[in-house]
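*Asks:* So here's structure-v1.cif (mmCIF, C-alpha atoms).
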```cif
data_target
loop_
_atom_site.label_atom_id
_atom_site.label_comp_id
_atom_site.auth_asym_id
_atom_site.auth_seq_id
_atom_site.Cartn_x
_atom_site.Cartn_y
_atom_site.Cartn_z
CA MET C 1 44.52 38.24 24.91
CA ASN C 2 41.76 35.65 24.66
CA THR C 3 42.22 33.05 22.01
CA TYR C 4 40.11 30.29 20.50
CA LYS C 5 40.77 27.09 18.55
CA LEU C 6 40.63 27.61 14.81
CA VAL C 7 40.72 25.00 12.06
CA ILE C 8 40.97 26.01 8.43
CA ALA C 9 40.34 22.93 6.29
CA SER C 10 40.38 22.38 2.56
CA PRO C 11 40.47 19.18 0.47
CA ASP C 12 44.27 19.57 0.44
CA GLY C 13 44.48 19.26 4.19
CA ASN C 14 44.31 21.48 7.23
CA LEU C 15 45.87 24.82 6.37
CA TYR C 16 45.70 26.07 9.91
CA ASP C 17 45.09 24.22 13.11
CA GLY C 18 45.78 26.10 16.29
CA GLN C 19 44.93 29.03 18.52
CA ALA C 20 43.85 32.34 17.00
CA VAL C 21 43.03 35.80 18.30
CA SER C 22 40.88 37.03 15.44
CA LEU C 23 39.76 36.01 11.98
CA SER C 24 38.26 38.52 9.55
CA LEU C 25 36.59 37.66 6.28
CA ARG C 26 33.58 38.45 4.14
CA GLY C 27 30.40 36.65 5.17
CA ALA C 28 27.13 36.35 3.28
CA ASP C 29 25.81 39.60 4.77
CA GLY C 30 29.05 41.56 4.86
CA ASP C 31 32.46 41.71 6.49
CA LEU C 32 32.85 40.17 9.90
CA ALA C 33 35.49 39.24 12.42
CA ILE C 34 35.44 36.40 14.89
CA LEU C 35 36.94 36.93 18.33
CA ALA C 36 37.04 34.56 21.28
CA GLY C 37 33.66 33.97 22.93
CA HIS C 38 31.59 34.54 19.78
CA ILE C 39 28.06 33.08 19.93
CA PRO C 40 27.33 29.95 17.85
CA PHE C 41 27.13 31.07 14.26
CA ILE C 42 27.11 29.67 10.73
CA THR C 43 27.56 31.59 7.52
CA SER C 44 28.61 31.02 3.98
CA VAL C 45 31.79 32.88 3.05
CA LYS C 46 32.21 35.01 -0.03
CA PRO C 47 35.42 35.03 -2.08
CA GLY C 48 37.90 37.59 -0.85
CA LYS C 49 40.65 38.30 1.63
CA CYS C 50 40.92 36.47 4.91
CA ILE C 51 43.02 37.97 7.69
CA LEU C 52 44.09 35.93 10.66
CA GLU C 53 45.84 37.07 13.81
CA THR C 54 47.57 34.15 15.47
CA GLU C 55 48.35 33.58 19.12
CA ASP C 56 51.83 35.13 18.89
CA GLY C 57 50.51 38.28 17.23
CA GLU C 58 51.50 37.32 13.70
CA ILE C 59 49.17 38.59 10.97
CA LYS C 60 48.56 36.13 8.14
CA GLU C 61 46.68 37.01 5.03
CA GLY C 62 45.04 34.49 2.73
CA ARG C 63 42.70 34.32 -0.24
CA ILE C 64 39.53 32.33 0.06
CA GLU C 65 37.45 31.16 -2.90
CA GLY C 66 34.33 30.76 -0.83
CA GLY C 67 33.38 28.36 1.89
CA LEU C 68 31.51 27.82 5.11
CA LEU C 69 32.31 29.22 8.53
CA THR C 70 31.04 27.40 11.61
CA VAL C 71 31.44 28.86 15.08
CA SER C 72 30.45 26.46 17.82
CA GLY C 73 31.19 26.65 21.53
CA SER C 74 34.44 24.72 21.40
CA GLU C 75 36.02 25.60 18.07
CA VAL C 76 35.78 27.62 14.89
CA ILE C 77 35.93 25.72 11.61
CA LEU C 78 36.47 27.42 8.28
CA LEU C 79 35.83 25.03 5.40
CA SER C 80 36.88 26.06 1.96
CA SER C 81 37.25 24.27 -1.36
CA GLY C 82 39.94 26.76 -2.35
CA PHE C 83 42.20 28.58 0.07
CA SER C 84 45.75 29.88 -0.19
CA TRP C 85 47.99 31.93 2.07
CA MET E 1 69.28 -32.75 -25.54
CA GLY E 2 65.70 -33.46 -26.28
CA SER E 3 62.97 -31.07 -27.33
CA ASP E 4 61.55 -31.49 -23.82
CA ALA E 5 64.44 -29.56 -22.27
CA LYS E 6 64.22 -26.85 -24.89
CA GLN E 7 60.54 -26.36 -24.23
CA LEU E 8 61.19 -26.10 -20.50
CA ARG E 9 63.90 -23.55 -21.08
CA ASN E 10 61.52 -21.38 -23.09
CA ARG E 11 58.87 -21.64 -20.35
CA ILE E 12 61.40 -20.55 -17.73
CA LYS E 13 62.39 -17.57 -19.84
CA SER E 14 58.81 -16.44 -20.32
CA VAL E 15 57.92 -16.84 -16.62
CA ASP E 16 61.04 -14.89 -15.75
CA SER E 17 60.09 -11.96 -17.97
CA THR E 18 56.57 -11.93 -16.50
CA MET E 19 58.16 -11.82 -13.09
CA HIS E 20 60.16 -8.76 -14.08
CA LEU E 21 56.93 -7.09 -15.11
CA THR E 22 55.05 -7.89 -11.91
CA ARG E 23 57.98 -6.78 -9.82
CA ALA E 24 58.16 -3.43 -11.63
CA MET E 25 54.42 -2.90 -11.23
CA GLY E 26 54.66 -3.77 -7.56
CA LEU E 27 57.42 -1.20 -7.08
CA VAL E 28 55.46 1.50 -8.88
CA ALA E 29 52.42 0.73 -6.72
CA SER E 30 54.35 0.83 -3.47
CA SER E 31 55.90 4.17 -4.36
CA LYS E 32 52.41 5.53 -4.96
CA ILE E 33 50.97 4.17 -1.72
CA ARG E 34 52.47 6.82 0.52
CA ARG E 35 51.34 9.77 -1.55
CA ALA E 36 47.90 8.26 -2.01
CA THR E 37 47.37 7.61 1.71
CA GLU E 38 48.53 11.13 2.58
CA ALA E 39 46.09 12.69 0.12
CA MET E 40 43.41 10.39 1.50
CA ALA E 41 44.01 11.44 5.10
CA LYS E 42 43.80 15.13 4.19
CA SER E 43 40.56 14.93 2.27
CA ARG E 44 39.07 12.62 4.86
CA ARG E 45 39.67 15.22 7.58
CA TYR E 46 37.99 17.84 5.41
CA ALA E 47 34.97 15.63 4.80
CA GLU E 48 34.69 14.81 8.50
CA ALA E 49 34.83 18.47 9.51
CA PHE E 50 32.21 19.24 6.89
CA SER E 51 29.88 16.49 8.00
CA ARG E 52 29.95 17.93 11.55
CA ALA E 53 28.84 21.31 10.19
CA VAL E 54 26.14 19.70 8.03
CA ASP E 55 24.87 17.71 11.03
CA ILE E 56 24.36 20.95 12.94
CA LEU E 57 22.56 22.49 9.98
CA ALA E 58 20.32 19.49 9.42
CA ALA E 59 19.34 19.48 13.10
CA SER E 60 18.02 23.04 13.06
CA ASN E 61 14.28 23.48 12.88
CA GLU E 62 14.24 25.81 9.90
CA CYS E 63 15.86 23.19 7.72
CA LYS E 64 13.13 20.61 8.24
CA LYS E 65 11.46 21.70 5.03
CA SER E 66 14.64 21.58 3.00
CA PRO E 67 14.48 19.34 -0.08
CA TYR E 68 17.75 17.72 1.04
CA LEU E 69 16.02 16.15 4.04
CA ARG E 70 13.13 14.78 1.98
CA GLN E 71 12.45 11.16 2.92
CA SER E 72 10.42 9.28 0.36
CA ASP E 73 8.89 5.82 0.11
CA THR E 74 10.09 5.06 -3.37
CA ALA E 75 13.79 4.53 -3.57
CA ARG E 76 15.03 5.61 -6.96
CA THR E 77 18.72 5.24 -6.31
CA ARG E 78 21.61 7.04 -7.89
CA LEU E 79 25.06 5.62 -7.31
CA VAL E 80 28.47 7.10 -7.94
CA VAL E 81 30.62 4.06 -8.65
CA ILE E 82 34.35 4.44 -8.11
CA ALA E 83 36.67 1.82 -9.64
CA GLY E 84 40.27 1.95 -10.78
CA ASP E 85 41.92 3.33 -13.90
CA ARG E 86 43.79 0.09 -14.56
CA GLY E 87 43.43 -3.61 -13.97
CA LEU E 88 45.87 -6.07 -12.41
CA ALA E 89 44.93 -5.05 -8.89
CA GLY E 90 43.66 -8.36 -7.59
CA GLY E 91 39.95 -8.35 -6.89
CA TYR E 92 39.73 -4.57 -6.58
CA ASN E 93 37.61 -3.77 -9.65
CA ALA E 94 35.73 -7.07 -9.53
CA ASN E 95 34.61 -6.43 -5.94
CA VAL E 96 33.21 -3.04 -6.91
CA PHE E 97 31.20 -4.48 -9.80
CA ARG E 98 30.01 -7.39 -7.68
CA MET E 99 28.61 -5.01 -5.11
CA LEU E 100 27.03 -2.93 -7.85
CA ARG E 101 24.95 -5.97 -8.84
CA GLU E 102 23.06 -5.59 -5.55
CA TYR E 103 21.56 -2.38 -6.92
CA PRO E 104 20.21 -3.40 -10.33
CA ASP E 105 17.76 -0.46 -10.58
CA ALA E 106 20.21 2.26 -9.71
CA SER E 107 21.26 4.87 -12.23
CA VAL E 108 25.02 4.94 -12.22
CA ILE E 109 27.71 7.61 -12.54
CA PRO E 110 31.08 5.91 -12.99
CA ILE E 111 34.47 7.28 -11.96
CA GLY E 112 37.70 5.54 -12.97
CA LYS E 113 38.49 4.31 -16.49
CA LYS E 114 37.53 0.70 -15.79
CA ALA E 115 34.09 1.72 -14.53
CA CYS E 116 33.58 4.24 -17.33
CA ASP E 117 34.38 1.60 -19.97
CA LYS E 118 32.06 -0.92 -18.44
CA LEU E 119 29.18 1.37 -17.56
CA HIS E 120 29.45 3.80 -20.49
CA GLY E 121 29.68 7.07 -18.63
CA LYS E 122 31.57 10.29 -19.11
CA LEU E 123 35.25 9.57 -18.57
CA TYR E 124 36.60 10.53 -15.17
CA SER E 125 40.06 9.36 -14.14
CA ALA E 126 40.30 8.03 -10.59
CA GLU E 127 43.97 8.91 -10.26
CA HIS E 128 43.65 12.47 -11.58
CA PHE E 129 40.21 13.37 -10.25
CA THR E 130 40.22 17.13 -9.65
CA PRO E 131 38.18 19.10 -7.10
CA GLU E 132 36.75 21.10 -10.04
CA GLU E 133 35.32 17.93 -11.62
CA ALA E 134 33.99 16.92 -8.22
CA SER E 135 32.31 20.26 -7.68
CA GLN E 136 30.64 20.20 -11.12
CA LEU E 137 29.42 16.68 -10.56
CA ALA E 138 28.20 17.52 -7.06
CA ARG E 139 26.21 20.50 -8.30
CA VAL E 140 24.40 18.35 -10.87
CA LEU E 141 23.73 15.65 -8.27
CA CYS E 142 22.37 18.14 -5.72
CA ASP E 143 20.19 19.99 -8.24
CA ASP E 144 18.71 16.73 -9.50
CA PHE E 145 18.03 15.59 -5.97
CA ALA E 146 16.37 18.86 -5.01
CA ALA E 147 14.27 18.65 -8.17
CA GLY E 148 13.10 15.19 -7.13
CA GLU E 149 14.65 13.25 -9.99
CA TYR E 150 15.88 10.56 -7.63
CA ASP E 151 15.43 9.73 -3.96
CA ARG E 152 18.73 8.68 -2.57
CA LEU E 153 22.35 9.16 -3.44
CA GLY E 154 25.11 6.74 -2.58
CA ILE E 155 28.81 6.50 -3.26
CA LEU E 156 30.09 2.99 -3.96
CA TYR E 157 33.77 3.02 -3.14
CA THR E 158 36.54 0.96 -1.60
CA GLY E 159 37.47 1.87 1.94
CA TYR E 160 41.13 1.71 2.91
CA VAL E 161 41.62 -0.24 6.12
CA SER E 162 45.28 -1.12 5.78
CA VAL E 163 47.72 -2.05 3.05
CA MET E 164 46.49 -5.65 3.31
CA THR E 165 42.78 -4.99 3.75
CA GLN E 166 40.34 -2.97 1.70
CA GLU E 167 36.62 -2.99 2.01
CA THR E 168 34.04 -2.27 -0.70
CA LYS E 169 31.09 -0.34 0.66
CA VAL E 170 28.32 2.13 -0.06
CA LYS E 171 28.09 5.46 1.72
CA TRP E 172 24.64 7.04 1.60
CA VAL E 173 24.92 10.78 1.19
CA LEU E 174 21.46 12.14 0.46
CA PRO E 175 18.89 12.63 1.90
CA LEU E 176 20.63 14.11 4.92
CA GLU E 177 19.86 12.41 8.19
CA ARG E 178 18.78 14.27 11.27
CA LYS E 179 20.85 13.13 14.19
CA ASP E 180 19.04 13.40 17.50
CA ASP E 181 22.14 13.97 19.58
CA VAL E 182 23.17 17.07 17.63
CA LYS E 183 21.50 20.27 18.79
CA GLY E 184 21.09 23.01 16.25
CA THR E 185 19.20 25.44 18.43
CA GLY E 186 20.63 28.80 19.42
CA MET E 187 22.68 29.06 16.25
CA ILE E 188 22.67 32.23 14.22
CA PHE E 189 22.56 31.69 10.50
CA GLU E 190 23.62 34.22 7.94
CA PRO E 191 21.80 35.01 5.66
CA ASP E 192 19.33 32.22 6.56
CA GLU E 193 19.24 28.45 7.17
CA MET E 194 17.99 27.39 3.76
CA THR E 195 20.59 29.38 1.82
CA VAL E 196 23.41 28.20 4.03
CA LEU E 197 22.22 24.60 3.84
CA GLY E 198 21.83 24.74 0.05
CA TYR E 199 25.38 26.01 -0.28
CA ALA E 200 26.79 23.67 2.34
CA VAL E 201 25.22 20.54 0.83
CA SER E 202 26.80 20.95 -2.58
CA GLU E 203 30.20 21.65 -0.97
CA TYR E 204 29.66 18.69 1.35
CA VAL E 205 28.94 16.34 -1.56
CA THR E 206 32.03 17.69 -3.34
CA GLY E 207 34.16 16.99 -0.27
CA LEU E 208 32.77 13.49 0.08
CA LEU E 209 33.35 12.72 -3.60
CA VAL E 210 36.96 13.85 -3.45
CA ALA E 211 37.52 11.93 -0.22
CA ALA E 212 35.93 8.76 -1.61
CA VAL E 213 37.90 8.90 -4.87
CA ARG E 214 41.17 9.42 -3.02
CA GLU E 215 40.44 6.65 -0.57
CA SER E 216 39.53 4.31 -3.43
CA PHE E 217 42.74 5.19 -5.22
CA ALA E 218 44.79 4.44 -2.11
CA SER E 219 42.97 1.10 -1.89
CA GLU E 220 43.67 0.44 -5.55
CA VAL E 221 47.43 0.89 -5.28
CA ALA E 222 47.51 -1.11 -2.05
CA ALA E 223 45.52 -3.91 -3.69
CA ARG E 224 47.82 -3.82 -6.70
CA ARG E 225 50.91 -4.09 -4.54
CA CYS E 226 49.53 -7.12 -2.74
CA ALA E 227 48.48 -8.74 -6.00
CA MET E 228 51.91 -8.12 -7.53
CA ASP E 229 53.68 -9.47 -4.45
CA ALA E 230 51.63 -12.64 -4.71
CA ALA E 231 52.29 -12.90 -8.45
CA ASP E 232 55.99 -12.46 -7.81
CA LYS E 233 56.01 -15.28 -5.27
CA ASN E 234 54.04 -17.59 -7.56
CA ALA E 235 56.37 -16.89 -10.46
CA GLN E 236 59.37 -17.71 -8.27
CA ILE E 237 57.83 -21.03 -7.24
CA MET E 238 57.02 -21.81 -10.85
CA ILE E 239 60.59 -21.05 -11.95
CA ASP E 240 61.96 -23.28 -9.21
CA GLU E 241 59.76 -26.17 -10.29
CA LEU E 242 60.53 -25.69 -13.96
CA SER E 243 64.29 -25.47 -13.32
CA LEU E 244 64.14 -28.75 -11.44
CA ALA E 245 62.29 -30.41 -14.30
CA TYR E 246 64.69 -28.85 -16.80
CA ASN E 247 67.78 -30.10 -14.96
CA ARG E 248 66.27 -33.54 -14.72
CA ALA E 249 65.54 -33.59 -18.44
CA ARG E 250 69.05 -32.34 -19.22
CA GLN E 251 70.67 -34.95 -17.00
CA GLY E 252 68.40 -37.63 -18.42
CA ALA E 253 69.53 -36.74 -21.93
CA ILE E 254 73.23 -36.91 -20.94
CA THR E 255 72.78 -40.25 -19.23
CA GLN E 256 70.97 -41.51 -22.31
CA GLU E 257 73.83 -40.42 -24.56
CA LEU E 258 76.43 -42.06 -22.28
CA ILE E 259 74.51 -45.32 -22.30
CA GLU E 260 74.35 -45.19 -26.06
CA ILE E 261 78.11 -44.57 -26.35
CA VAL E 262 78.96 -47.36 -23.90
CA ALA E 263 76.58 -49.76 -25.65
CA GLY E 264 78.08 -48.80 -29.02
CA SER E 265 81.72 -49.38 -27.94
CA GLY E 266 80.78 -52.72 -26.28
CA SER E 267 79.42 -54.29 -29.47
#
```
What does the file become when written as C-alpha cells?
*Replies:*
Amino acid sequence: MNTYKLVIASPDGNLYDGQAVSLSLRGADGDLAILAGHIPFITSVKPGKCILETEDGEIKEGRIEGGLLTVSGSEVILLSSGFSW
Amino acid sequence: MGSDAKQLRNRIKSVDSTMHLTRAMGLVASSKIRRATEAMAKSRRYAEAFSRAVDILAASNECKKSPYLRQSDTARTRLVVIAGDRGLAGGYNANVFRMLREYPDASVIPIGKKACDKLHGKLYSAEHFTPEEASQLARVLCDDFAAGEYDRLGILYTGYVSVMTQETKVKWVLPLERKDDVKGTGMIFEPDEMTVLGYAVSEYVTGLLVAAVRESFASEVAARRCAMDAADKNAQIMIDELSLAYNRARQGAITQELIEIVAGSGS
C-alpha cells in the first residue's frame, strides 16, 4: 500500500507525525480523502470527524474544530487550532 | 559590645532573609523553565508549519489582490507588545519597553500584566494566555488590517536563545510578503484562493501570537532564574563582608573591655 508523510499540528504540538495511507475529513466543498500521490491542494477544513488510516492498518478517529489542509508534493500538513483523538 | 556590632548583626539578618527570598524565586523559575520551553517548542513548530502554508498561498496569482498583501507608503503601525506578568526578572521587562520607544507612533496592544499596567490595555496574562484569547485578538487584528485601519502589524516579543541569552525583537506579520522562491502555481484551492487565504491568515496570526507569548514566557522565567542566581551570589558576598566586619567589631569591643579591666586593676 502506498503511503505518504502526514503531519497533524496544533498549538499543543504535533499530534501525528508519520506515514499514513489515507486521511478523510470534511473540506470546504464537502467530504474528501487524501491518498498517496494526491495533486497539490489546499483547503480549509470544516469541524467534524477526521479518520486516519496509519501505515500498519490502524484506524484512528479524531475530532477537528476546523483548520487548514495543505497537500504538497512531499508531505501533507493538517493544521488545526483544536484537534483531539 | 557597641551599637556598631548590633547594627551589623541586623544588616546580616536582613540580607539573609532577602537571600532566602531570591533563592525561592530562583527555584520556582527553574522548575517552570522546562515546561515553558516545551510549550514554546510545540507552538513554534505549529507556527512554522503554518507559515509554510501561508507562503504558498501568498505566492499564488489569485491572491495578489488580497487585502493582506496590500503594501502601502504610509506606515501606521500596530504592535502587540508582550512583557511579563511579574517583575524581578533582570532587564526582561525594561528591554521590551526600551525597544517600544523606537516606535513612538505605533498603536499598542499589550499582553502580560506589566505591559497592561504601563500601557493601559485590556488585561491579558502572559503566563495563562489561552488560544481562545489569541484567536479573538487575531480576528480583530486581521479585520482591522483588511479594513485599512493600519498598515503593518508587528509582534514585539523576547526570543529565547538559551537559558542565558534572550533577545528582544519585532516580528512583522502583516502585510504578508511574497517570497520569490516559493511557487504557488499548479495548486488546487477549495473553495477558492481568497476564502482560503482569509481563513488561513487569521489562524496564522493566532498561531504566531500563541508562539510569541509562549516564547516570551520561556524567556521571562529564564531571565528571572539568571537574575535570582546573580542576586543570590551578591547576597552571599555581602553576608561574608558583613560577617567579617561584625567579627572585627565584636573582637574590638572585647579587646577594649580587657584593656579597661587591666588598666583599672593596675591603678
*Asks:* If I take atom CA of Ala146 of chain E and atom CA of Thr70 of chain C, how far is one from the other in Å, to one decimal?
*Replies:*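 Interatomic distance here is 23.8 Å.
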*Asks:* Just give me the gap between atom CA of Ala253 of chain E and atom CA of Glu241 of chain E in Å, one decimal is fine.
*Replies:*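 Here the two named atoms are 18.5 Å from each other.
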*Asks:* Which residue out of E:Gln236, E:Ser125, E:Ser219, E:Ser107 has the minimum interatomic distance to Gly154 of chain E when all atoms listed in the file are used?
*Replies:*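 Answer, going by the shortest atom-to-atom distance: E:Ser107.
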*Asks:* Would you tabulate, counting all atoms listed in the file, all residues of chain E that have an atom at most 10 Å from an atom of chain C, showing the closest pair of atoms and their distance in Å to one decimal, sorted by chain then ascending number, as CSV?
*Replies:*
```
residue,atom,partner,partner_atom,distance
E:Glu38,CA,C:Gly13,CA,9.2
E:Ala39,CA,C:Asp12,CA,7.1
E:Met40,CA,C:Asp12,CA,9.3
E:Ala41,CA,C:Gly13,CA,7.9
E:Lys42,CA,C:Gly13,CA,4.2
E:Ser43,CA,C:Pro11,CA,4.6
E:Arg44,CA,C:Pro11,CA,8.0
E:Arg45,CA,C:Gly13,CA,7.1
E:Tyr46,CA,C:Ala9,CA,5.7
E:Ala47,CA,C:Pro11,CA,7.8
E:Ala49,CA,C:Ile77,CA,7.6
E:Phe50,CA,C:Leu79,CA,7.0
E:Arg52,CA,C:Thr70,CA,9.5
E:Ala53,CA,C:Thr70,CA,6.6
E:Val54,CA,C:Thr70,CA,9.8
E:Ile56,CA,C:Thr70,CA,9.4
E:Leu57,CA,C:Ile42,CA,8.5
E:Pro131,CA,C:Ser81,CA,7.8
E:Glu132,CA,C:Ser81,CA,9.3
E:Ser135,CA,C:Ser81,CA,9.0
E:Gly184,CA,C:Pro40,CA,9.5
E:Thr185,CA,C:Pro40,CA,9.3
E:Gly186,CA,C:Pro40,CA,7.0
E:Met187,CA,C:Pro40,CA,5.0
E:Ile188,CA,C:Phe41,CA,4.6
E:Phe189,CA,C:Ile42,CA,5.0
E:Glu190,CA,C:Thr43,CA,4.8
E:Pro191,CA,C:Ala28,CA,6.0
E:Asp192,CA,C:Thr43,CA,8.3
E:Glu193,CA,C:Ile42,CA,8.7
E:Thr195,CA,C:Ser44,CA,8.5
E:Val196,CA,C:Ser44,CA,5.9
E:Leu197,CA,C:Ser44,CA,9.1
E:Tyr199,CA,C:Ser44,CA,7.3
E:Ala200,CA,C:Leu68,CA,6.9
E:Glu203,CA,C:Ser81,CA,7.5
E:Tyr204,CA,C:Leu79,CA,9.7
E:Thr206,CA,C:Ser81,CA,8.6
E:Gly207,CA,C:Pro11,CA,6.7
E:Leu208,CA,C:Pro11,CA,9.6
E:Val210,CA,C:Pro11,CA,7.5
E:Ala211,CA,C:Pro11,CA,7.9
```
*Asks:* Quote the spacing between atom CA of Ser14 of chain E and atom CA of Val221 of chain E in Å to one decimal place.
*Replies:*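 Between atom CA of Ser14 of chain E and atom CA of Val221 of chain E the gap is 25.6 Å.
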*Asks:* With the file shown as input, list the residues that the PyMOL selection byres ((chain C and resi 19-21) around 7) selects, as a list of chain:residue names.
*Replies:*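 Answer for the PyMOL selection byres ((chain C and resi 19-21) around 7): C:Asn2, C:Thr3, C:Tyr4, C:Lys5, C:Leu6, C:Gly18, C:Ser22, C:Leu35, C:Ala36, C:Glu53, C:Thr54, C:Glu55.
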*Asks:* Let me know the residues the PyMOL selection byres ((chain E and resi 230) around 12) catches in the file above, as a ChimeraX atom specification.
*Replies:* /E:19,22-23,26,88-90,164,223-229,231-237
*Asks:* Write to file, as a PDB file, in the frame of the given file, the residues of the selection just made, with C-alpha atoms.
*Replies:*
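Output (again_25.pdb):
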```pdb
ATOM      1  CA  MET E  19      58.160 -11.820 -13.090  1.00  0.00           C
ATOM      2  CA  THR E  22      55.050  -7.890 -11.910  1.00  0.00           C
ATOM      3  CA  ARG E  23      57.980  -6.780  -9.820  1.00  0.00           C
ATOM      4  CA  GLY E  26      54.660  -3.770  -7.560  1.00  0.00           C
ATOM      5  CA  LEU E  88      45.870  -6.070 -12.410  1.00  0.00           C
ATOM      6  CA  ALA E  89      44.930  -5.050  -8.890  1.00  0.00           C
ATOM      7  CA  GLY E  90      43.660  -8.360  -7.590  1.00  0.00           C
ATOM      8  CA  MET E 164      46.490  -5.650   3.310  1.00  0.00           C
ATOM      9  CA  ALA E 223      45.520  -3.910  -3.690  1.00  0.00           C
ATOM     10  CA  ARG E 224      47.820  -3.820  -6.700  1.00  0.00           C
ATOM     11  CA  ARG E 225      50.910  -4.090  -4.540  1.00  0.00           C
ATOM     12  CA  CYS E 226      49.530  -7.120  -2.740  1.00  0.00           C
ATOM     13  CA  ALA E 227      48.480  -8.740  -6.000  1.00  0.00           C
ATOM     14  CA  MET E 228      51.910  -8.120  -7.530  1.00  0.00           C
ATOM     15  CA  ASP E 229      53.680  -9.470  -4.450  1.00  0.00           C
ATOM     16  CA  ALA E 231      52.290 -12.900  -8.450  1.00  0.00           C
ATOM     17  CA  ASP E 232      55.990 -12.460  -7.810  1.00  0.00           C
ATOM     18  CA  LYS E 233      56.010 -15.280  -5.270  1.00  0.00           C
ATOM     19  CA  ASN E 234      54.040 -17.590  -7.560  1.00  0.00           C
ATOM     20  CA  ALA E 235      56.370 -16.890 -10.460  1.00  0.00           C
ATOM     21  CA  GLN E 236      59.370 -17.710  -8.270  1.00  0.00           C
ATOM     22  CA  ILE E 237      57.830 -21.030  -7.240  1.00  0.00           C
TER      23      ILE E 237
END
```
*Asks:* When you look at Leu79 of chain E with a cut-off of 6 Å (counting only C-alpha atoms), what residues show up, excluding the ones that are within fewer than 5 positions of it in the same chain? I need them as a PyMOL selection string.
*Replies:* chain E and resi 108+153-155
*Asks:* Box for segment 217-236 of chain E: with edges along x, y and z, all listed atoms inside and 6 Å added on each side, what are the centre and edge lengths in Å to one decimal, as JSON?
*Replies:*
```
{"center_x": 51.1, "center_y": -6.3, "center_z": -6.2, "size_x": 28.6, "size_y": 34.9, "size_z": 20.6}
```
*Asks:* Near Trp85 of chain C, counting only C-alpha atoms, which residues have an atom at most 12 Å away, once you skip same-chain residues fewer than 6 positions from it, shown as a tab-separated table (two decimals) with C-alpha atoms, in the frame of the given file?
*Replies:*
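The result, stored in result-v4.tsv:
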```
chain	number	residue	atom	x	y	z
C	8	ILE	CA	40.97	26.01	8.43
C	15	LEU	CA	45.87	24.82	6.37
C	16	TYR	CA	45.70	26.07	9.91
C	48	GLY	CA	37.90	37.59	-0.85
C	49	LYS	CA	40.65	38.30	1.63
C	50	CYS	CA	40.92	36.47	4.91
C	51	ILE	CA	43.02	37.97	7.69
C	52	LEU	CA	44.09	35.93	10.66
C	59	ILE	CA	49.17	38.59	10.97
C	60	LYS	CA	48.56	36.13	8.14
C	61	GLU	CA	46.68	37.01	5.03
C	62	GLY	CA	45.04	34.49	2.73
C	63	ARG	CA	42.70	34.32	-0.24
C	64	ILE	CA	39.53	32.33	0.06
C	65	GLU	CA	37.45	31.16	-2.90
```
*Asks:* I'd like to know which of E:Lys13, E:Arg178, E:Lys32, E:Lys171 is closest to Asp55 of chain E, using only C-alpha atoms.
*Replies:* E:Arg178
*Asks:* Hey, which of E:Asn61, E:Ser30, E:Thr18, E:Asn95 ends up closest to Thr168 of chain E? Count only C-alpha atoms.
*Replies:*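 Comparing E:Asn61, E:Ser30, E:Thr18, E:Asn95 against Thr168 of chain E, the winner is E:Asn95.
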*Asks:* Counting only C-alpha atoms, I want the residues whose atoms come within 10 Å of (65.2, -25.1, -22.1) in the file frame, returned as a list in words.
*Replies:*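 The requested residues, written out, are Met1, Gly2, Ser3, Asp4, Ala5, Lys6, Gln7, Leu8, Arg9, Asn10, Arg11, Ile12, Lys13, Leu242, Ser243, Ala245, Tyr246, Asn247, Ala249 and Arg250 of chain E.
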*Asks:* Go through C:Glu58, C:Glu75, C:Asp17, C:Asp31 one by one, measure the shortest atom-to-atom distance of each to Lys46 of chain C using all atoms listed in the file, and give the residue with the smallest value.
*Replies:*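 The answer is C:Asp31, which sits nearest to Lys46 of chain C.
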